[in-house]
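**Student:** Okay, so here is target.txt, and as you'll see once you scroll down, it has compact mmCIF, C-alpha atoms and all ligand atoms.
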```txt
# COMPACT_ATOMS: atom_id res chain seq x y z
CA MET B 1 0.00 0.00 0.00
CA SER B 2 1.37 3.41 -0.88
CA VAL B 3 2.44 5.88 1.81
CA ASN B 4 1.22 9.47 1.46
CA VAL B 5 3.67 12.14 2.51
CA LEU B 6 2.89 15.83 2.73
CA VAL B 7 5.85 18.23 2.57
CA THR B 8 5.10 21.79 3.70
CA GLY B 9 7.22 24.86 2.88
CA ALA B 10 7.86 23.45 -0.60
CA ASN B 11 9.85 26.46 -1.82
CA GLY B 12 12.50 26.09 0.87
CA GLN B 13 15.92 24.52 0.35
CA LEU B 14 15.23 21.31 2.31
CA ALA B 15 11.85 20.69 0.67
CA LYS B 16 13.37 21.32 -2.76
CA THR B 17 16.11 18.80 -2.05
CA ILE B 18 13.57 16.15 -0.97
CA GLN B 19 11.63 16.89 -4.14
CA LYS B 20 14.70 16.58 -6.34
CA LEU B 21 15.86 13.31 -4.77
CA TYR B 22 12.62 11.50 -4.05
CA LYS B 23 9.56 12.87 -5.87
CA THR B 24 9.96 9.88 -8.14
CA ASN B 25 10.85 6.78 -6.16
CA LYS B 26 10.54 3.02 -6.29
CA ASP B 27 9.13 2.61 -2.78
CA ASP B 28 5.51 3.52 -3.48
CA ILE B 29 5.91 6.71 -1.46
CA CYS B 30 3.63 9.40 -2.82
CA PHE B 31 4.90 12.91 -2.04
CA THR B 32 2.76 16.04 -2.18
CA PHE B 33 4.65 19.32 -1.92
CA VAL B 34 2.74 22.43 -0.82
CA THR B 35 4.08 25.98 -0.84
CA LYS B 36 3.10 28.70 1.61
CA LEU B 37 0.55 29.91 -0.95
CA GLU B 38 -1.03 26.46 -1.13
CA LEU B 39 -0.97 25.77 2.61
CA ASP B 40 -0.18 28.54 5.06
CA ILE B 41 0.55 26.74 8.33
CA THR B 42 -0.38 29.81 10.39
CA VAL B 43 -4.06 29.56 9.38
CA PRO B 44 -5.60 26.93 11.68
CA ASN B 45 -8.72 26.26 9.61
CA GLU B 46 -6.72 25.91 6.41
CA VAL B 47 -4.44 23.35 8.05
CA LYS B 48 -7.33 21.42 9.61
CA LYS B 49 -9.22 21.37 6.32
CA TYR B 50 -6.20 20.15 4.36
CA PHE B 51 -5.58 17.22 6.68
CA LYS B 52 -9.30 16.35 6.77
CA ASN B 53 -9.66 16.35 2.99
CA ASN B 54 -6.42 14.58 2.10
CA LEU B 55 -4.97 11.30 3.26
CA VAL B 56 -1.69 12.15 4.98
CA ASP B 57 0.36 9.35 6.59
CA TYR B 58 3.43 11.51 7.20
CA CYS B 59 3.86 15.27 7.33
CA ILE B 60 7.41 16.52 6.78
CA ASN B 61 7.27 20.06 8.04
CA CYS B 62 9.83 22.13 6.17
CA ALA B 63 7.84 25.34 6.62
CA ALA B 64 9.62 27.80 8.86
CA TYR B 65 10.55 31.42 9.41
CA THR B 66 14.33 31.23 9.03
CA ASN B 67 15.53 34.85 8.90
CA VAL B 68 17.46 34.97 12.18
CA GLU B 69 18.37 38.67 11.89
CA GLN B 70 14.87 39.83 11.02
CA ALA B 71 13.39 37.71 13.81
CA GLU B 72 15.50 39.66 16.28
CA LYS B 73 14.15 42.96 15.01
CA THR B 74 10.49 41.86 14.78
CA PRO B 75 10.00 38.53 16.58
CA GLU B 76 6.24 38.23 16.04
CA PRO B 77 6.24 36.73 12.51
CA ALA B 78 8.85 34.16 13.58
CA PHE B 79 6.71 33.05 16.54
CA LYS B 80 3.60 33.04 14.33
CA VAL B 81 5.18 30.50 11.96
CA ASN B 82 7.67 28.57 14.11
CA ALA B 83 5.48 28.22 17.19
CA GLU B 84 1.78 28.83 16.34
CA GLY B 85 2.09 27.31 12.86
CA ILE B 86 3.67 24.17 14.31
CA LYS B 87 0.91 23.98 16.92
CA ASN B 88 -1.63 23.96 14.07
CA ILE B 89 0.27 21.21 12.28
CA ALA B 90 0.64 19.15 15.47
CA GLU B 91 -3.10 19.42 16.22
CA ALA B 92 -4.00 18.34 12.69
CA CYS B 93 -1.56 15.41 12.92
CA LYS B 94 -3.13 14.37 16.21
CA GLU B 95 -6.65 14.44 14.78
CA THR B 96 -5.68 12.38 11.74
CA ASN B 97 -3.11 10.04 13.30
CA THR B 98 -0.37 11.42 11.04
CA VAL B 99 3.32 10.98 11.89
CA LEU B 100 5.03 14.37 12.05
CA ILE B 101 8.64 14.81 10.98
CA HIS B 102 9.62 18.30 12.06
CA ILE B 103 12.92 20.11 11.56
CA SER B 104 14.38 22.11 14.41
CA THR B 105 17.70 23.76 15.04
CA ASP B 106 20.99 23.88 16.94
CA TYR B 107 19.97 27.46 17.84
CA VAL B 108 17.76 26.09 20.65
CA PHE B 109 21.06 25.86 22.58
CA ASP B 110 23.07 28.73 24.04
CA GLY B 111 26.48 27.55 22.78
CA GLU B 112 28.17 27.59 26.17
CA LYS B 113 28.72 23.81 26.45
CA GLU B 114 31.92 23.64 24.39
CA SER B 115 31.26 20.05 23.29
CA PRO B 116 28.57 18.68 20.92
CA TYR B 117 25.03 18.95 22.29
CA LEU B 118 23.05 15.82 23.18
CA GLU B 119 19.31 15.47 22.60
CA ASP B 120 18.59 15.74 26.33
CA ASP B 121 20.80 18.75 27.03
CA ILE B 122 18.65 21.60 28.31
CA PRO B 123 17.84 24.12 25.56
CA ASN B 124 18.46 27.77 26.31
CA PRO B 125 18.05 29.82 23.13
CA ILE B 126 19.79 33.19 23.03
CA ASN B 127 17.94 34.71 20.08
CA GLU B 128 14.29 35.12 19.07
CA TYR B 129 14.52 32.62 16.20
CA GLY B 130 15.84 29.96 18.61
CA LYS B 131 13.11 30.79 21.13
CA SER B 132 10.40 30.48 18.48
CA LYS B 133 11.76 27.12 17.28
CA LEU B 134 11.93 25.78 20.85
CA LEU B 135 8.30 26.74 21.44
CA GLY B 136 7.41 24.84 18.24
CA GLU B 137 9.17 21.74 19.61
CA GLN B 138 7.25 22.05 22.87
CA HIS B 139 3.89 22.26 21.09
CA ILE B 140 4.70 19.02 19.26
CA GLN B 141 5.76 17.23 22.41
CA LYS B 142 2.60 18.35 24.20
CA GLN B 143 0.27 17.12 21.42
CA LEU B 144 1.87 14.09 19.84
CA GLN B 145 3.49 10.77 20.46
CA GLN B 146 4.25 9.84 16.86
CA TYR B 147 6.79 12.52 15.99
CA PHE B 148 10.38 13.01 14.99
CA ILE B 149 11.92 16.35 15.89
CA ILE B 150 15.17 16.51 13.95
CA ARG B 151 17.52 19.24 15.12
CA THR B 152 20.01 20.13 12.43
CA SER B 153 22.56 22.88 11.88
CA TRP B 154 23.95 25.29 9.28
CA LEU B 155 21.99 23.85 6.33
CA TYR B 156 23.34 24.47 2.84
CA SER B 157 22.45 23.40 -0.68
CA ASN B 158 22.25 24.76 -4.19
CA PHE B 159 18.67 25.93 -3.50
CA GLY B 160 17.34 29.11 -1.89
CA LYS B 161 19.42 31.36 0.33
CA ASN B 162 22.26 29.89 2.35
CA PHE B 163 25.88 30.56 3.31
CA PHE B 164 27.34 28.31 0.61
CA LYS B 165 25.41 30.18 -2.10
CA THR B 166 26.40 33.57 -0.69
CA VAL B 167 30.09 32.67 -0.77
CA VAL B 168 29.85 31.33 -4.33
CA LYS B 169 27.99 34.48 -5.45
CA ASN B 170 30.75 36.66 -3.99
CA ILE B 171 33.40 34.56 -5.71
CA ASN B 172 31.63 35.04 -9.03
CA GLU B 173 31.30 38.78 -8.45
CA HIS B 174 34.98 39.12 -7.37
CA LYS B 175 33.90 40.58 -4.03
CA ASP B 176 35.66 40.37 -0.68
CA LEU B 177 33.94 38.73 2.27
CA LYS B 178 34.41 39.31 5.98
CA ILE B 179 33.64 36.10 7.84
CA ILE B 180 33.36 35.29 11.51
CA THR B 181 35.93 32.98 13.12
CA THR B 182 34.43 32.77 16.59
CA GLN B 183 31.29 30.68 15.95
CA LYS B 184 31.67 26.95 15.43
CA GLY B 185 29.15 24.39 14.26
CA ALA B 186 28.55 21.60 11.78
CA PRO B 187 27.55 22.66 8.26
CA THR B 188 24.99 20.13 7.04
CA SER B 189 24.06 19.41 3.45
CA THR B 190 20.30 19.27 2.84
CA TYR B 191 21.11 16.18 0.74
CA SER B 192 22.36 14.31 3.83
CA LEU B 193 19.32 15.37 5.85
CA ALA B 194 16.88 14.51 3.05
CA LYS B 195 18.35 11.00 2.92
CA PHE B 196 17.83 10.52 6.65
CA ILE B 197 14.22 11.75 6.43
CA TYR B 198 13.54 9.38 3.53
CA PHE B 199 15.10 6.56 5.55
CA LEU B 200 12.62 7.20 8.39
CA VAL B 201 9.61 7.15 6.06
CA GLY B 202 10.78 4.35 3.76
CA ASN B 203 11.49 2.04 6.68
CA LYS B 204 8.42 3.11 8.71
CA ILE B 205 10.71 3.75 11.67
CA THR B 206 8.84 4.04 14.97
CA ASN B 207 11.67 5.06 17.33
CA TYR B 208 9.96 8.41 17.79
CA GLY B 209 11.49 11.37 19.61
CA VAL B 210 14.13 14.06 19.26
CA PHE B 211 17.18 13.34 17.09
CA HIS B 212 20.22 15.40 16.26
CA PHE B 213 21.37 15.33 12.66
CA SER B 214 24.45 17.06 11.32
CA ASP B 215 27.29 16.20 8.99
CA LYS B 216 30.52 15.30 10.71
CA ASP B 217 32.93 18.26 10.32
CA ILE B 218 32.84 20.91 13.04
CA VAL B 219 34.26 24.20 11.77
CA SER B 220 33.92 27.97 12.07
CA TRP B 221 32.07 29.95 9.39
CA TYR B 222 35.49 31.18 8.30
CA ASP B 223 36.84 27.61 7.94
CA PHE B 224 33.68 26.62 6.04
CA SER B 225 34.13 29.51 3.61
CA LYS B 226 37.77 28.55 3.08
CA ILE B 227 36.65 25.03 2.06
CA ILE B 228 34.05 26.49 -0.33
CA VAL B 229 36.63 28.82 -1.84
CA SER B 230 39.15 26.00 -2.24
CA ASN B 231 36.68 24.30 -4.60
CA HIS B 232 36.55 27.45 -6.77
CA ASP B 233 38.90 29.90 -8.38
CA LYS B 234 40.67 31.21 -5.27
CA SER B 235 42.04 34.33 -6.89
CA ARG B 236 38.55 35.78 -7.30
CA LEU B 237 37.73 36.33 -3.65
CA LYS B 238 39.54 37.75 -0.67
CA LEU B 239 38.41 36.21 2.61
CA LEU B 240 38.83 38.39 5.65
CA SER B 241 38.57 36.76 9.04
CA SER B 242 36.73 38.57 11.79
CA THR B 243 35.95 37.99 15.45
CA ASN B 244 32.94 40.27 15.37
CA ILE B 245 30.28 41.13 12.80
CA SER B 246 29.08 44.45 14.17
CA THR B 247 26.00 44.69 11.94
CA SER B 248 24.46 41.54 13.42
CA LYS B 249 21.67 42.19 15.94
CA ALA B 250 20.97 38.56 16.78
CA GLN B 251 23.27 36.79 19.22
CA ARG B 252 24.40 33.41 17.93
CA PRO B 253 25.70 30.43 19.91
CA LYS B 254 29.50 30.37 19.78
CA TYR B 255 29.59 26.55 19.68
CA SER B 256 26.48 24.74 18.47
CA ALA B 257 27.72 21.40 17.15
CA LEU B 258 25.26 18.54 17.65
CA ASN B 259 26.15 15.13 19.02
CA ASN B 260 24.94 12.45 16.57
CA THR B 261 25.54 9.39 18.78
CA LYS B 262 21.87 8.63 19.59
CA ARG B 263 20.89 8.49 15.93
CA LEU B 264 23.91 6.45 14.93
CA LYS B 265 23.37 4.00 17.78
CA ILE B 266 19.69 3.43 16.98
CA PHE B 267 19.92 3.36 13.21
CA LYS B 268 23.41 1.90 12.90
CA LYS B 269 25.21 2.08 9.61
CA GLU B 270 22.21 2.83 7.38
CA VAL B 271 22.43 6.51 8.20
CA LEU B 272 26.08 6.76 9.08
CA LEU B 273 26.86 9.75 6.94
CA SER B 274 30.54 10.30 7.33
CA ASN B 275 31.28 12.44 4.28
CA SER B 276 33.49 15.47 4.72
CA ILE B 277 32.31 18.95 3.74
CA LYS B 278 34.66 18.82 0.76
CA GLU B 279 33.07 15.59 -0.52
CA LEU B 280 29.53 16.89 0.08
CA LEU B 281 30.24 20.16 -1.72
CA SER B 282 31.46 18.27 -4.75
CA LEU B 283 27.98 16.69 -5.05
CA LEU B 284 26.26 20.08 -5.41
N1 LIG B 301 18.83 27.05 7.12
C1 LIG B 301 19.53 26.61 8.15
O1 LIG B 301 20.73 26.87 8.28
C2 LIG B 301 18.87 25.79 9.21
C3 LIG B 301 19.63 25.33 10.30
C4 LIG B 301 19.01 24.55 11.26
C5 LIG B 301 17.67 24.23 11.14
N2 LIG B 301 16.95 24.69 10.09
C6 LIG B 301 15.53 24.33 9.99
O2 LIG B 301 15.39 23.48 8.87
C7 LIG B 301 14.10 23.67 8.29
C8 LIG B 301 14.25 23.87 6.79
O3 LIG B 301 15.05 25.04 6.60
P1 LIG B 301 15.35 25.65 5.17
O4 LIG B 301 16.72 26.21 5.21
O5 LIG B 301 14.96 24.69 4.11
O6 LIG B 301 14.32 26.88 5.20
P2 LIG B 301 13.93 27.87 4.02
O7 LIG B 301 14.74 27.61 2.82
O8 LIG B 301 13.91 29.24 4.62
O9 LIG B 301 12.43 27.41 3.71
C9 LIG B 301 11.38 27.62 4.58
C10 LIG B 301 10.12 27.60 3.74
O10 LIG B 301 9.00 27.78 4.64
C11 LIG B 301 8.06 28.59 3.97
N3 LIG B 301 7.15 29.24 4.90
C12 LIG B 301 7.35 30.36 5.65
N4 LIG B 301 6.24 30.66 6.32
C13 LIG B 301 5.31 29.72 6.00
C14 LIG B 301 3.97 29.53 6.36
N5 LIG B 301 3.34 30.37 7.17
N6 LIG B 301 3.31 28.46 5.82
C15 LIG B 301 3.93 27.61 4.97
N7 LIG B 301 5.21 27.77 4.57
C16 LIG B 301 5.88 28.82 5.10
C17 LIG B 301 8.89 29.60 3.21
O11 LIG B 301 8.10 30.13 2.18
P3 LIG B 301 8.48 31.53 1.47
O12 LIG B 301 9.81 31.27 0.83
O13 LIG B 301 7.38 31.72 0.50
O14 LIG B 301 8.53 32.52 2.59
C18 LIG B 301 10.03 28.74 2.70
O15 LIG B 301 9.76 28.24 1.45
C19 LIG B 301 13.47 24.82 9.04
O16 LIG B 301 12.61 24.30 10.02
C20 LIG B 301 14.63 25.51 9.72
O17 LIG B 301 14.24 26.15 10.91
C21 LIG B 301 17.53 25.46 9.12
```
Could I get this structure in the form of structure tokens?
**Tutor:**
Amino acid sequence: MSVNVLVTGANGQLAKTIQKLYKTNKDDICFTFVTKLELDITVPNEVKKYFKNNLVDYCINCAAYTNVEQAEKTPEPAFKVNAEGIKNIAEACKETNTVLIHISTDYVFDGEKESPYLEDDIPNPINEYGKSKLLGEQHIQKQLQQYFIIRTSWLYSNFGKNFFKTVVKNINEHKDLKIITTQKGAPTSTYSLAKFIYFLVGNKITNYGVFHFSDKDIVSWYDFSKIIVSNHDKSRLKLLSSTNISTSKAQRPKYSALNNTKRLKIFKKEVLLSNSIKELLSLL
């Protein structure tokens, strides 16, 4: 019997990656991708109606407000999407017995731990985006039992807006870039994450709960940009290291790497993604 999977936020980089890799598949998994225009998760009746009128076995929620800087200036829209919107989705999943796969973030942590964060470390977000995402997680945990909350970090791809694309654009335009050296984390390819999500659905995994998912290299933004530049024509961009980006209003965790042990222990080698950033970039 086919499995029906709804993917929200279809114009985002993660949803686009899932679409590219798996829209056509041999596992009888039927994906439906809906954009914000087709399903706005902040409108409770719209969400309820969609789930009532369509058979949804899994909802992969890729819809989110992801502009960290803007969220600091005007938090309300971020909370509307990342907290209230997720509450709407969780309620609809509860009513229709749908498994929710939701994506959360390393920014729920404050970055003070200095070693990779475990799933049961206490969150303590230091910016409005992180606070809104944590509230979203809490709504899910209050409503549902059949959920995966996947916290990931520093997503990049060849879709949408992300750090990798910004660096490449600056290389192409021969511009200089000033990049922070004092924040460390694990850049994660949306391709790696999409594969893990597909693994959960394709294998009907029922080890529900919170999971951390990041690729293996832990670097600073500056180190990450150096790796991106090394794959391109180096002479076209001057990288300037910086310990402080004064225009940034949002505080960011100085060390937000995620510990992947729980996931690797439960799912063993099937999802043991040990590629380096350099290898992952070469796939884009
Ligand atoms: N990007 C990262 O570095 C990062 C790191 C850790 C975790 N995450 C999490 O990973 C997930 C995927 O991130 P991403 O980088 O793929 O995000 P993205 O590219 O910003 O995509 C988010 C999508 O959500 C849509 N959206 C916004 N408000 C909506 C609403 N009210 N109803 C329905 N859709 C709405 C956006 O539509 P419009 O484009 O039309 O506004 C956009 O297409 C998010 O939950 C994010 O918080 C991201």
**Student:** Around ligand LIG 301 (chain B), at most 9 Å away and counting all atoms listed in the file, which residues are there? Put them as JSON, numbers by chain, please.
**Tutor:** {"B": [8, 9, 10, 11, 12, 13, 14, 15, 16, 17, 34, 35, 36, 37, 38, 39, 40, 41, 42, 43, 61, 62, 63, 64, 65, 66, 67, 77, 78, 80, 81, 82, 85, 102, 103, 104, 105, 106, 107, 129, 130, 133, 150, 151, 152, 153, 154, 155, 156, 157, 159, 160, 161, 162, 163, 187, 188, 190]}
**Student:** Any chance you could tabulate, as CSV, the residues of stretch 6-111 of chain B at most 8 Å from stretch 191-210 of chain B with each one's nearest atom pair and distance in Å to one decimal, using all atoms listed in the file, in chain and rising number order?
**Tutor:**
```
residue,atom,partner,partner_atom,distance
B:Leu14,CA,B:Ala194,CA,7.0
B:Thr17,CA,B:Tyr191,CA,6.3
B:Ile18,CA,B:Ala194,CA,5.5
B:Leu21,CA,B:Ala194,CA,8.0
B:Tyr22,CA,B:Tyr198,CA,7.9
B:Asp27,CA,B:Gly202,CA,7.0
B:Ile29,CA,B:Gly202,CA,7.5
B:Tyr58,CA,B:Val201,CA,7.6
B:Ile101,CA,B:Ile197,CA,7.8
```
**Student:** Quick one: residues within 7 Å of B:Ala92, only C-alpha atoms counted, chain neighbours fewer than 5 positions away excluded, as a ChimeraX atom specification?
**Tutor:** /B:47-48,51
**Student:** For C-alpha atoms, I'd like the residues from the last selection saved as a tab-separated table (two decimals), in the coordinates of the input.
**Tutor:**
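Below is the file that was written, part.tsv:
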```tsv
chain	number	residue	atom	x	y	z
B	47	VAL	CA	-4.44	23.35	8.05
B	48	LYS	CA	-7.33	21.42	9.61
B	51	PHE	CA	-5.58	17.22	6.68
```
**Student:** Quote the spacing between atom CA of B:Trp221 and atom CA of B:Arg263 in Å to one decimal place.
**Tutor:** 25.1 Å
**Student:** What residues have an atom no more than 6 Å from (34.9, 32.5, -1.0) in the file's own frame, counting all atoms listed in the file, and can you write them as a short mmCIF file (atom, residue, chain, number, x, y, z; two decimals) with C-alpha atoms, keeping the file's coordinate frame?
**Tutor:**
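This went into result.cif:
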```
data_model
loop_
_atom_site.label_atom_id
_atom_site.label_comp_id
_atom_site.auth_asym_id
_atom_site.auth_seq_id
_atom_site.Cartn_x
_atom_site.Cartn_y
_atom_site.Cartn_z
CA VAL B 167 30.09 32.67 -0.77
CA ILE B 171 33.40 34.56 -5.71
CA SER B 225 34.13 29.51 3.61
CA VAL B 229 36.63 28.82 -1.84
CA LEU B 237 37.73 36.33 -3.65
#
```
**Student:** Of the candidates B:Asn127, B:Asn158, B:Gln143, B:Ser256, which one gets nearest to B:Gln183 if we count only C-alpha atoms?
**Tutor:** B:Ser256
**Student:** Rounded to one decimal, what separation in Å do you get between atom CA of B:Val168 and atom CA of B:Ser282?
**Tutor:** 13.2 Å
